[in-house]
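Source file: protein-v8.cif (mmCIF, C-alpha atoms)
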```cif
data_protein
loop_
_atom_site.label_atom_id
_atom_site.label_comp_id
_atom_site.auth_asym_id
_atom_site.auth_seq_id
_atom_site.Cartn_x
_atom_site.Cartn_y
_atom_site.Cartn_z
CA MET V 1 0.00 0.00 0.00
CA PRO V 2 1.17 3.59 -0.57
CA ASN V 3 2.47 5.63 2.32
CA PRO V 4 -0.39 6.62 4.64
CA PHE V 5 -1.82 10.07 5.05
CA ALA V 6 -0.39 12.54 7.54
CA ILE V 7 -0.98 16.24 8.11
CA GLN V 8 0.79 18.76 10.29
CA THR V 9 0.19 22.46 10.87
CA THR V 10 2.82 24.87 12.11
CA VAL V 11 2.51 28.62 12.55
CA GLU V 12 5.51 30.85 12.12
CA ASP V 13 5.82 34.59 11.47
CA GLY V 14 2.11 34.94 10.78
CA LEU V 15 2.12 32.13 8.22
CA SER V 16 0.29 28.83 8.65
CA ILE V 17 2.20 25.99 7.06
CA ILE V 18 0.14 22.87 6.46
CA THR V 19 2.31 19.91 5.48
CA LEU V 20 0.59 17.06 3.64
CA GLU V 21 2.05 13.58 3.38
CA GLY V 22 0.88 10.45 1.53
CA PHE V 23 -2.43 10.63 -0.29
CA VAL V 24 -5.35 13.05 -0.15
CA ASP V 25 -8.45 11.32 -1.49
CA ALA V 26 -12.14 11.26 -0.53
CA HIS V 27 -11.17 9.38 2.65
CA THR V 28 -8.50 11.75 3.92
CA ALA V 29 -9.65 15.09 2.43
CA PRO V 30 -11.97 15.82 5.41
CA GLN V 31 -8.88 15.98 7.68
CA PHE V 32 -7.22 18.40 5.28
CA GLU V 33 -10.40 20.49 5.14
CA SER V 34 -10.61 20.54 8.92
CA ALA V 35 -6.97 21.71 9.20
CA VAL V 36 -7.55 24.61 6.78
CA GLN V 37 -10.86 25.47 8.47
CA SER V 38 -9.12 25.69 11.87
CA GLU V 39 -6.60 28.21 10.52
CA VAL V 40 -9.26 30.32 8.79
CA ASP V 41 -11.48 30.24 11.90
CA ALA V 42 -8.51 31.47 13.94
CA GLY V 43 -8.08 34.38 11.52
CA ARG V 44 -4.90 32.96 10.01
CA VAL V 45 -5.44 33.38 6.27
CA ARG V 46 -1.85 33.39 4.99
CA LEU V 47 -1.48 29.71 4.22
CA ILE V 48 1.29 27.63 2.71
CA ILE V 49 0.33 24.08 1.72
CA ASP V 50 3.57 22.09 1.58
CA CYS V 51 3.06 19.14 -0.80
CA GLU V 52 6.66 17.90 -0.95
CA LYS V 53 5.67 14.55 0.61
CA LEU V 54 2.27 14.36 -1.06
CA SER V 55 2.23 11.42 -3.47
CA TYR V 56 -1.37 11.58 -4.72
CA ILE V 57 -4.38 13.89 -4.77
CA SER V 58 -7.89 13.39 -6.15
CA SER V 59 -10.66 15.92 -6.73
CA ALA V 60 -11.69 15.62 -3.08
CA GLY V 61 -8.36 17.22 -2.14
CA LEU V 62 -8.48 19.78 -4.94
CA GLY V 63 -11.94 20.71 -3.68
CA VAL V 64 -10.49 21.81 -0.34
CA PHE V 65 -8.33 24.40 -2.13
CA MET V 66 -11.34 25.54 -4.19
CA SER V 67 -13.73 25.93 -1.29
CA PHE V 68 -11.45 28.20 0.78
CA ILE V 69 -9.58 30.37 -1.70
CA GLU V 70 -12.32 32.97 -2.19
CA GLU V 71 -12.87 33.54 1.53
CA VAL V 72 -9.12 33.68 2.15
CA HIS V 73 -8.70 36.30 -0.60
CA GLU V 74 -11.62 38.34 0.77
CA ARG V 75 -9.92 38.41 4.15
CA GLY V 76 -6.65 39.64 2.68
CA GLY V 77 -4.82 36.32 2.69
CA ASP V 78 -3.73 33.75 0.17
CA ILE V 79 -3.14 30.02 -0.24
CA LYS V 80 0.24 29.23 -1.81
CA ILE V 81 1.18 25.70 -2.80
CA CYS V 82 4.74 24.42 -2.74
CA GLY V 83 6.87 21.33 -3.36
CA LEU V 84 4.56 19.55 -5.81
CA VAL V 85 5.97 16.30 -7.22
CA PRO V 86 5.38 15.96 -11.00
CA LYS V 87 2.50 13.46 -10.67
CA VAL V 88 0.55 15.67 -8.26
CA LYS V 89 1.43 18.84 -10.18
CA HIS V 90 -0.04 17.29 -13.31
CA THR V 91 -3.37 16.72 -11.51
CA PHE V 92 -3.43 20.38 -10.42
CA GLU V 93 -2.73 21.43 -14.00
CA ILE V 94 -5.49 19.27 -15.53
CA VAL V 95 -8.10 21.33 -13.68
CA GLY V 96 -6.31 24.62 -14.35
CA PHE V 97 -5.11 25.44 -10.85
CA GLN V 98 -1.89 26.96 -12.21
CA GLY V 99 -3.86 30.07 -13.13
CA LEU V 100 -5.60 30.27 -9.76
CA PHE V 101 -2.97 29.38 -7.19
CA GLU V 102 0.66 30.34 -6.90
CA MET V 103 2.79 27.19 -7.02
CA LEU V 104 6.32 27.45 -5.70
CA GLU V 105 9.29 25.16 -5.63
CA ASN V 106 9.61 24.84 -1.87
CA GLN V 107 8.61 26.31 1.50
CA THR V 108 11.39 28.90 1.40
CA ALA V 109 10.17 30.24 -1.94
CA ALA V 110 6.58 30.31 -0.65
CA LYS V 111 7.65 32.29 2.46
CA GLN V 112 9.59 34.72 0.26
CA SER V 113 6.54 35.14 -1.95
CA PHE V 114 4.41 36.07 1.08
CA ALA V 115 7.13 38.45 2.31
CA ALA V 116 7.16 40.18 -1.07
CA SER V 117 3.37 40.53 -1.27
CA MET Z 1 -4.34 -15.27 -33.92
CA ALA Z 2 -6.92 -13.40 -31.84
CA ALA Z 3 -5.58 -11.38 -28.91
CA ILE Z 4 -6.13 -12.95 -25.53
CA GLU Z 5 -8.40 -10.90 -23.28
CA ARG Z 6 -7.60 -10.94 -19.58
CA LYS Z 7 -10.26 -10.22 -16.95
CA PHE Z 8 -9.95 -9.14 -13.32
CA THR Z 9 -12.56 -8.07 -10.77
CA LEU Z 10 -12.26 -6.38 -7.38
CA GLN Z 11 -15.33 -6.10 -5.16
CA VAL Z 12 -15.09 -4.05 -1.95
CA PRO Z 13 -17.48 -2.61 0.64
CA SER Z 14 -18.63 0.92 -0.19
CA SER Z 15 -16.27 2.91 2.02
CA THR Z 16 -13.81 5.64 1.12
CA GLU Z 17 -11.31 3.67 3.23
CA ASN Z 18 -11.12 1.22 0.30
CA LEU Z 19 -10.17 3.80 -2.32
CA ALA Z 20 -6.46 3.17 -1.67
CA LEU Z 21 -7.02 -0.54 -2.29
CA ILE Z 22 -8.91 0.21 -5.53
CA ARG Z 23 -6.04 2.44 -6.70
CA GLU Z 24 -3.52 -0.33 -5.99
CA PHE Z 25 -5.67 -2.75 -7.99
CA VAL Z 26 -5.97 -0.57 -11.10
CA THR Z 27 -2.29 0.44 -10.91
CA THR Z 28 -1.31 -3.24 -10.94
CA ILE Z 29 -3.66 -3.94 -13.86
CA GLY Z 30 -2.27 -0.91 -15.73
CA ARG Z 31 1.26 -2.29 -15.35
CA GLN Z 32 0.21 -5.72 -16.59
CA ALA Z 33 -1.43 -4.05 -19.59
CA THR Z 34 1.93 -2.32 -20.29
CA LEU Z 35 0.57 1.22 -19.95
CA SER Z 36 3.17 3.94 -19.39
CA ASP Z 37 3.55 5.41 -15.89
CA GLU Z 38 1.80 8.58 -17.05
CA GLU Z 39 -1.17 6.60 -18.40
CA ILE Z 40 -1.32 4.51 -15.21
CA ASN Z 41 -1.48 7.71 -13.15
CA LYS Z 42 -4.43 8.88 -15.24
CA LEU Z 43 -6.16 5.54 -14.92
CA GLU Z 44 -5.64 5.51 -11.15
CA LEU Z 45 -7.17 8.97 -10.75
CA ALA Z 46 -10.13 8.31 -13.10
CA VAL Z 47 -11.11 5.09 -11.32
CA ASP Z 48 -10.68 6.71 -7.89
CA GLU Z 49 -13.01 9.54 -8.97
CA ALA Z 50 -15.60 7.09 -10.32
CA CYS Z 51 -15.56 4.93 -7.18
CA ALA Z 52 -15.65 7.95 -4.84
CA ASN Z 53 -18.78 9.13 -6.69
CA VAL Z 54 -20.43 5.74 -6.16
CA ILE Z 55 -19.46 5.55 -2.46
CA GLU Z 56 -20.52 9.11 -1.64
CA HIS Z 57 -23.44 9.72 -3.99
CA ALA Z 58 -24.90 6.47 -5.36
CA TYR Z 59 -24.69 4.68 -2.01
CA GLY Z 60 -24.51 7.62 0.41
CA HIS Z 61 -21.68 5.97 2.43
CA ASP Z 62 -23.75 2.78 3.03
CA ILE Z 63 -20.94 0.33 3.87
CA THR Z 64 -23.30 -2.68 3.50
CA LYS Z 65 -23.23 -2.08 -0.27
CA ASP Z 66 -20.46 -3.17 -2.60
CA VAL Z 67 -18.53 -1.42 -5.35
CA SER Z 68 -17.15 -3.60 -8.13
CA VAL Z 69 -14.30 -2.70 -10.42
CA ARG Z 70 -13.97 -4.95 -13.47
CA ALA Z 71 -10.94 -4.71 -15.70
CA THR Z 72 -10.40 -6.36 -19.08
CA PHE Z 73 -7.53 -5.79 -21.43
CA ASP Z 74 -5.94 -7.14 -24.56
CA ASP Z 75 -3.10 -5.81 -26.72
CA GLU Z 76 -5.04 -2.75 -27.86
CA LYS Z 77 -7.11 -1.41 -24.99
CA LEU Z 78 -7.81 -1.57 -21.28
CA LYS Z 79 -11.43 -1.24 -20.25
CA ILE Z 80 -12.41 -0.57 -16.64
CA SER Z 81 -16.02 -0.76 -15.48
CA VAL Z 82 -17.20 0.57 -12.13
CA ILE Z 83 -20.41 -1.20 -11.16
CA ASP Z 84 -22.92 -0.33 -8.45
CA GLU Z 85 -26.56 -0.92 -7.60
CA GLY Z 86 -27.23 2.50 -6.14
CA LEU Z 87 -29.00 5.64 -7.21
CA GLY Z 88 -27.46 6.08 -10.61
CA PHE Z 89 -27.35 9.44 -12.28
CA ASP Z 90 -26.61 10.42 -15.82
CA PRO Z 91 -23.43 12.50 -15.82
CA ALA Z 92 -24.36 13.78 -19.27
CA LYS Z 93 -27.25 15.64 -17.63
CA VAL Z 94 -25.08 17.24 -14.95
CA ASN Z 95 -24.56 20.93 -15.55
CA GLN Z 96 -20.76 21.17 -15.67
CA LYS Z 97 -19.54 24.37 -14.09
CA SER Z 98 -16.18 25.97 -14.68
CA VAL Z 99 -13.55 25.86 -11.93
CA ASP Z 100 -14.00 29.66 -11.58
CA GLN Z 101 -17.73 29.18 -10.97
CA LEU Z 102 -17.13 26.39 -8.43
CA ILE Z 103 -14.64 28.60 -6.55
CA HIS Z 104 -17.07 31.53 -6.61
CA GLU Z 105 -19.74 29.28 -5.11
CA ARG Z 106 -17.19 27.94 -2.58
CA ARG Z 107 -17.91 24.42 -3.74
CA SER Z 108 -15.53 21.57 -2.99
CA GLY Z 109 -17.16 19.13 -5.43
CA GLY Z 110 -17.95 19.14 -9.11
CA LEU Z 111 -14.59 18.15 -10.59
CA GLY Z 112 -14.86 14.35 -10.64
CA ILE Z 113 -16.77 13.81 -13.89
CA ARG Z 114 -14.70 16.45 -15.68
CA LEU Z 115 -11.51 14.68 -14.58
CA ILE Z 116 -12.73 11.24 -15.66
CA LYS Z 117 -13.60 12.54 -19.14
CA SER Z 118 -10.26 14.29 -19.56
CA LEU Z 119 -8.20 11.34 -18.27
CA MET Z 120 -9.71 8.47 -20.25
CA ASP Z 121 -9.98 7.88 -24.01
CA GLU Z 122 -13.63 6.74 -23.94
CA VAL Z 123 -16.30 7.07 -21.25
CA ASN Z 124 -19.87 5.80 -21.35
CA TYR Z 125 -22.62 4.78 -18.96
CA GLU Z 126 -25.36 2.19 -18.59
CA ILE Z 127 -27.82 3.34 -15.95
CA GLU Z 128 -30.66 1.42 -14.32
CA PRO Z 129 -31.12 3.24 -10.98
CA GLY Z 130 -31.44 0.86 -8.02
CA GLN Z 131 -30.71 -2.11 -10.31
CA LYS Z 132 -27.31 -1.80 -11.90
CA ASN Z 133 -25.23 1.15 -13.02
CA GLU Z 134 -22.06 0.70 -15.00
CA LEU Z 135 -19.51 3.34 -15.86
CA HIS Z 136 -17.24 2.10 -18.63
CA MET Z 137 -13.87 3.78 -19.11
CA THR Z 138 -11.40 2.82 -21.81
CA LYS Z 139 -7.72 3.57 -22.23
CA LEU Z 140 -6.08 2.73 -25.52
CA ILE Z 141 -2.73 0.96 -25.22
CA LYS Z 142 -0.18 2.80 -27.32
CA LYS Z 143 2.74 0.69 -28.42
#
```
Can I see the file as structure tokens?
Amino acid sequence: MPNPFAIQTTVEDGLSIITLEGFVDAHTAPQFESAVQSEVDAGRVRLIIDCEKLSYISSAGLGVFMSFIEEVHERGGDIKICGLVPKVKHTFEIVGFQGLFEMLENQTAAKQSFAAS
Amino acid sequence: MAAIERKFTLQVPSSTENLALIREFVTTIGRQATLSDEEINKLELAVDEACANVIEHAYGHDITKDVSVRATFDDEKLKISVIDEGLGFDPAKVNQKSVDQLIHERRSGGLGIRLIKSLMDEVNYEIEPGQKNELHMTKLIKK
């Protein structure tokens, strides 16, 4: 079986960094949604989703990004995605996320992007 | 000589917990059918989307129901059928919204059917709600 799902949230310098590991599908997406919801509820709307260890995502996971981005933008924040492996990046690109979300090489680049904005 | 057709079937309880198992099954079949890694990735995602739709919508997370995935392949094509006995719906009648519209409406769903159609070479349905619904997806094997 593929590596299991894991999620971790850290907050540093006003940025919430949610690290995904393993697969995000219809079974695990609710945990991802809950993690993003917790940050938004706490007023933390500058989010980095680190996908370096994410091996697979289905539309259930993509849906989490879609359902929060408008509210996050309205509240002056953003969701930046970093560390996508080619397989996962391809899934993001099929649905056209490259025009809607900033995708960066790694966490450092994502932090720099927030610092510059 | 006629090409030999190989058949495989996986039947699992209708739970999202089993999606990982379904993905392993179709990935293994894709390898046996000599699909490229890129094509296997597409197959894996399309079948996951189809089965998640059945588990969440056709069966409403009723774990007493079963989802079947039937795979047949020969030298030219791999056909995967996702079979359920739930409340079938005709995806052709679903009003497909753009990703921009879905975001504006703060929707998390609505991408599955679009993905299946863009990932597979042929997609068609046989629907008898409450009796038997079959979603057939075909991937051509490029030599």
Please report as a Markdown table every residue of chain Z lying within 12 Å of chain V, along with the nearest atom pair and their distance in Å (one decimal), using all atoms listed in the file.
```
| residue | atom | partner | partner_atom | distance |
| --- | --- | --- | --- | --- |
| Z:Ser14 | CA | V:His27 | CA | 11.6 |
| Z:Ser15 | CA | V:His27 | CA | 8.3 |
| Z:Thr16 | CA | V:His27 | CA | 4.8 |
| Z:Glu17 | CA | V:His27 | CA | 5.7 |
| Z:Asn18 | CA | V:His27 | CA | 8.5 |
| Z:Leu19 | CA | V:His27 | CA | 7.5 |
| Z:Ala20 | CA | V:Met1 | CA | 7.4 |
| Z:Leu21 | CA | V:Met1 | CA | 7.4 |
| Z:Ile22 | CA | V:Met1 | CA | 10.5 |
| Z:Arg23 | CA | V:Met1 | CA | 9.3 |
| Z:Glu24 | CA | V:Met1 | CA | 7.0 |
| Z:Phe25 | CA | V:Met1 | CA | 10.2 |
| Z:Thr27 | CA | V:Met1 | CA | 11.2 |
| Z:Thr28 | CA | V:Met1 | CA | 11.5 |
| Z:Asp37 | CA | V:Lys87 | CA | 9.7 |
| Z:Glu38 | CA | V:Lys87 | CA | 8.1 |
| Z:Glu39 | CA | V:Lys87 | CA | 11.0 |
| Z:Ile40 | CA | V:Lys87 | CA | 10.7 |
| Z:Asn41 | CA | V:Lys87 | CA | 7.4 |
| Z:Lys42 | CA | V:Thr91 | CA | 8.7 |
| Z:Leu43 | CA | V:Ser58 | CA | 11.9 |
| Z:Glu44 | CA | V:Ser58 | CA | 9.6 |
| Z:Leu45 | CA | V:Ser58 | CA | 6.4 |
| Z:Ala46 | CA | V:Ser58 | CA | 8.9 |
| Z:Val47 | CA | V:Ser58 | CA | 10.3 |
| Z:Asp48 | CA | V:Ser58 | CA | 7.4 |
| Z:Glu49 | CA | V:Ser58 | CA | 7.0 |
| Z:Ala50 | CA | V:Ser59 | CA | 10.7 |
| Z:Cys51 | CA | V:Ala26 | CA | 9.8 |
| Z:Ala52 | CA | V:Ala26 | CA | 6.5 |
| Z:Asn53 | CA | V:Ala26 | CA | 9.3 |
| Z:Val54 | CA | V:Ala26 | CA | 11.4 |
| Z:Ile55 | CA | V:Ala26 | CA | 9.5 |
| Z:Glu56 | CA | V:Ala26 | CA | 8.7 |
| Z:His57 | CA | V:Ala26 | CA | 11.9 |
| Z:His61 | CA | V:His27 | CA | 11.1 |
| Z:Lys97 | CA | V:Val95 | CA | 11.8 |
| Z:Ser98 | CA | V:Val95 | CA | 9.4 |
| Z:Val99 | CA | V:Val95 | CA | 7.3 |
| Z:Asp100 | CA | V:Leu100 | CA | 8.6 |
| Z:Gln101 | CA | V:Met66 | CA | 10.0 |
| Z:Leu102 | CA | V:Met66 | CA | 7.2 |
| Z:Ile103 | CA | V:Met66 | CA | 5.1 |
| Z:His104 | CA | V:Glu70 | CA | 6.6 |
| Z:Glu105 | CA | V:Ser67 | CA | 7.9 |
| Z:Arg106 | CA | V:Ser67 | CA | 4.2 |
| Z:Arg107 | CA | V:Ser67 | CA | 5.1 |
| Z:Ser108 | CA | V:Gly63 | CA | 3.8 |
| Z:Gly109 | CA | V:Gly63 | CA | 5.7 |
| Z:Gly110 | CA | V:Gly63 | CA | 8.3 |
| Z:Leu111 | CA | V:Ser59 | CA | 5.9 |
| Z:Gly112 | CA | V:Ser59 | CA | 5.9 |
| Z:Ile113 | CA | V:Ser59 | CA | 9.6 |
| Z:Arg114 | CA | V:Val95 | CA | 8.4 |
| Z:Leu115 | CA | V:Val95 | CA | 7.5 |
| Z:Ile116 | CA | V:Ser59 | CA | 10.3 |
| Z:Lys117 | CA | V:Ile94 | CA | 11.1 |
| Z:Ser118 | CA | V:Ile94 | CA | 8.0 |
| Z:Leu119 | CA | V:Ile94 | CA | 8.8 |
```
Could you turn the residues from that selection into a file that holds C-alpha atoms, as a short mmCIF file (atom, residue, chain, number, x, y, z; two decimals), keeping the file's coordinate frame?
```cif
data_model
loop_
_atom_site.label_atom_id
_atom_site.label_comp_id
_atom_site.auth_asym_id
_atom_site.auth_seq_id
_atom_site.Cartn_x
_atom_site.Cartn_y
_atom_site.Cartn_z
CA SER Z 14 -18.63 0.92 -0.19
CA SER Z 15 -16.27 2.91 2.02
CA THR Z 16 -13.81 5.64 1.12
CA GLU Z 17 -11.31 3.67 3.23
CA ASN Z 18 -11.12 1.22 0.30
CA LEU Z 19 -10.17 3.80 -2.32
CA ALA Z 20 -6.46 3.17 -1.67
CA LEU Z 21 -7.02 -0.54 -2.29
CA ILE Z 22 -8.91 0.21 -5.53
CA ARG Z 23 -6.04 2.44 -6.70
CA GLU Z 24 -3.52 -0.33 -5.99
CA PHE Z 25 -5.67 -2.75 -7.99
CA THR Z 27 -2.29 0.44 -10.91
CA THR Z 28 -1.31 -3.24 -10.94
CA ASP Z 37 3.55 5.41 -15.89
CA GLU Z 38 1.80 8.58 -17.05
CA GLU Z 39 -1.17 6.60 -18.40
CA ILE Z 40 -1.32 4.51 -15.21
CA ASN Z 41 -1.48 7.71 -13.15
CA LYS Z 42 -4.43 8.88 -15.24
CA LEU Z 43 -6.16 5.54 -14.92
CA GLU Z 44 -5.64 5.51 -11.15
CA LEU Z 45 -7.17 8.97 -10.75
CA ALA Z 46 -10.13 8.31 -13.10
CA VAL Z 47 -11.11 5.09 -11.32
CA ASP Z 48 -10.68 6.71 -7.89
CA GLU Z 49 -13.01 9.54 -8.97
CA ALA Z 50 -15.60 7.09 -10.32
CA CYS Z 51 -15.56 4.93 -7.18
CA ALA Z 52 -15.65 7.95 -4.84
CA ASN Z 53 -18.78 9.13 -6.69
CA VAL Z 54 -20.43 5.74 -6.16
CA ILE Z 55 -19.46 5.55 -2.46
CA GLU Z 56 -20.52 9.11 -1.64
CA HIS Z 57 -23.44 9.72 -3.99
CA HIS Z 61 -21.68 5.97 2.43
CA LYS Z 97 -19.54 24.37 -14.09
CA SER Z 98 -16.18 25.97 -14.68
CA VAL Z 99 -13.55 25.86 -11.93
CA ASP Z 100 -14.00 29.66 -11.58
CA GLN Z 101 -17.73 29.18 -10.97
CA LEU Z 102 -17.13 26.39 -8.43
CA ILE Z 103 -14.64 28.60 -6.55
CA HIS Z 104 -17.07 31.53 -6.61
CA GLU Z 105 -19.74 29.28 -5.11
CA ARG Z 106 -17.19 27.94 -2.58
CA ARG Z 107 -17.91 24.42 -3.74
CA SER Z 108 -15.53 21.57 -2.99
CA GLY Z 109 -17.16 19.13 -5.43
CA GLY Z 110 -17.95 19.14 -9.11
CA LEU Z 111 -14.59 18.15 -10.59
CA GLY Z 112 -14.86 14.35 -10.64
CA ILE Z 113 -16.77 13.81 -13.89
CA ARG Z 114 -14.70 16.45 -15.68
CA LEU Z 115 -11.51 14.68 -14.58
CA ILE Z 116 -12.73 11.24 -15.66
CA LYS Z 117 -13.60 12.54 -19.14
CA SER Z 118 -10.26 14.29 -19.56
CA LEU Z 119 -8.20 11.34 -18.27
#
```
Which value, in Å to one decimal, gives the distance between CA of Asn95 (chain Z) and CA of Ala71 (chain Z)?
-> 29.0 Å
Can you list what the PyMOL selection byres ((chain V and resi 37-47) around 8) grabs from this structure, as a list in words?
->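 Those residues are Gly14, Leu15, Ser16, Ile17, Ile18, Glu33, Ser34, Ala35, Val36, Ile48, Ile49, Val72, Arg75, Gly76, Gly77, Asp78, Ile79, Lys80 and Phe114 of chain V.
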Selected residue, from Z:Thr138, Z:Asn124, Z:Ser36, Z:Thr9, that lies nearest to Asp74 (chain Z) when counting all atoms listed in the file |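 Closest to Asp74 (chain Z), using all atoms listed in the file: Z:Thr138.
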As lines of an AutoDock Vina configuration file, please report the centre and edge lengths, rounded to one decimal in Å, of the axis-aligned box that holds all listed atoms of region 12-17 of chain Z with 8 Å of padding on each of the six sides.
```
center_x = -15.0
center_y = 0.8
center_z = 0.6
size_x = 23.3
size_y = 25.7
size_z = 21.2
```
Residues returned when the PyMOL selection byres ((chain Z and resi 72) around 9) runs on this file, as a list in words =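 After applying the PyMOL selection byres ((chain Z and resi 72) around 9), what remains is Glu5, Arg6, Lys7, Phe8, Thr9, Ile29, Arg70, Ala71, Phe73, Asp74, Lys77, Leu78, Lys79, Ile80 and Ser81 of chain Z.
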Given the PyMOL selection byres ((chain V and resi 50) around 9), the residues it picks as a PyMOL selection string | chain V and resi 17-21+48-49+51-54+80-84+106-107
Which residue, Z:Ile127, Z:Pro13, Z:Asn133, Z:Ala3, has the smallest gap to Val82 (chain Z) when you use only C-alpha atoms?
-> Z:Asn133
d(CA of Ile141 (chain Z), CA of Val12 (chain Z)) in Å =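 Here the two named atoms are 26.8 Å from each other.
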Just give me the gap between CA of Leu104 (chain V) and CA of Pro30 (chain V) in Å, one decimal is fine.
->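 Calculated distance between CA of Leu104 (chain V) and CA of Pro30 (chain V) is 24.4 Å.
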Just want the 8 Å neighbourhood of Lys142 (chain Z), counted on only C-alpha atoms, with same-chain residues fewer than 2 positions away dropped. Output as a CSV table (one decimal) with C-alpha atoms, keeping the file's coordinate frame.
```
chain,number,residue,atom,x,y,z
Z,35,LEU,CA,0.6,1.2,-20.0
Z,76,GLU,CA,-5.0,-2.8,-27.9
Z,140,LEU,CA,-6.1,2.7,-25.5
```
Identify which of the residues V:Pro86, V:Thr108, V:Glu93, V:Glu12 lies closest to Ser55 (chain V), counting only C-alpha atoms when measuring atom-to-atom distances.
->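 Selected residue with least distance to Ser55 (chain V): V:Pro86.
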Keeping N, CA and C atoms, write region 65-77 of chain V of the structure just shown out as a PDB file, in the first residue's frame.
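part25.pdb, freshly written:
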```pdb
ATOM      1  N   PHE V  65      -8.945  23.137  -1.667  1.00  0.00           N
ATOM      2  CA  PHE V  65      -8.329  24.397  -2.127  1.00  0.00           C
ATOM      3  C   PHE V  65      -9.413  25.325  -2.696  1.00  0.00           C
ATOM      4  N   MET V  66     -10.303  24.733  -3.510  1.00  0.00           N
ATOM      5  CA  MET V  66     -11.338  25.541  -4.188  1.00  0.00           C
ATOM      6  C   MET V  66     -12.304  26.184  -3.201  1.00  0.00           C
ATOM      7  N   SER V  67     -12.668  25.435  -2.165  1.00  0.00           N
ATOM      8  CA  SER V  67     -13.726  25.929  -1.287  1.00  0.00           C
ATOM      9  C   SER V  67     -13.256  27.038  -0.347  1.00  0.00           C
ATOM     10  N   PHE V  68     -11.929  27.180  -0.160  1.00  0.00           N
ATOM     11  CA  PHE V  68     -11.447  28.202   0.779  1.00  0.00           C
ATOM     12  C   PHE V  68     -10.835  29.430   0.117  1.00  0.00           C
ATOM     13  N   ILE V  69     -10.417  29.308  -1.129  1.00  0.00           N
ATOM     14  CA  ILE V  69      -9.581  30.375  -1.698  1.00  0.00           C
ATOM     15  C   ILE V  69     -10.310  31.725  -1.751  1.00  0.00           C
ATOM     16  N   GLU V  70     -11.604  31.703  -2.074  1.00  0.00           N
ATOM     17  CA  GLU V  70     -12.321  32.974  -2.194  1.00  0.00           C
ATOM     18  C   GLU V  70     -12.414  33.690  -0.836  1.00  0.00           C
ATOM     19  N   GLU V  71     -12.771  32.938   0.192  1.00  0.00           N
ATOM     20  CA  GLU V  71     -12.866  33.541   1.531  1.00  0.00           C
ATOM     21  C   GLU V  71     -11.508  34.072   2.002  1.00  0.00           C
ATOM     22  N   VAL V  72     -10.477  33.285   1.747  1.00  0.00           N
ATOM     23  CA  VAL V  72      -9.121  33.681   2.152  1.00  0.00           C
ATOM     24  C   VAL V  72      -8.716  34.984   1.445  1.00  0.00           C
ATOM     25  N   HIS V  73      -9.010  35.071   0.156  1.00  0.00           N
ATOM     26  CA  HIS V  73      -8.701  36.305  -0.599  1.00  0.00           C
ATOM     27  C   HIS V  73      -9.496  37.481  -0.047  1.00  0.00           C
ATOM     28  N   GLU V  74     -10.766  37.256   0.237  1.00  0.00           N
ATOM     29  CA  GLU V  74     -11.618  38.342   0.771  1.00  0.00           C
ATOM     30  C   GLU V  74     -11.076  38.889   2.080  1.00  0.00           C
ATOM     31  N   ARG V  75     -10.432  38.002   2.844  1.00  0.00           N
ATOM     32  CA  ARG V  75      -9.917  38.413   4.152  1.00  0.00           C
ATOM     33  C   ARG V  75      -8.456  38.845   4.079  1.00  0.00           C
ATOM     34  N   GLY V  76      -7.984  39.067   2.858  1.00  0.00           N
ATOM     35  CA  GLY V  76      -6.648  39.636   2.677  1.00  0.00           C
ATOM     36  C   GLY V  76      -5.520  38.627   2.711  1.00  0.00           C
ATOM     37  N   GLY V  77      -5.857  37.346   2.642  1.00  0.00           N
ATOM     38  CA  GLY V  77      -4.821  36.320   2.692  1.00  0.00           C
ATOM     39  C   GLY V  77      -4.625  35.642   1.346  1.00  0.00           C
TER      40      GLY V  77
END
```
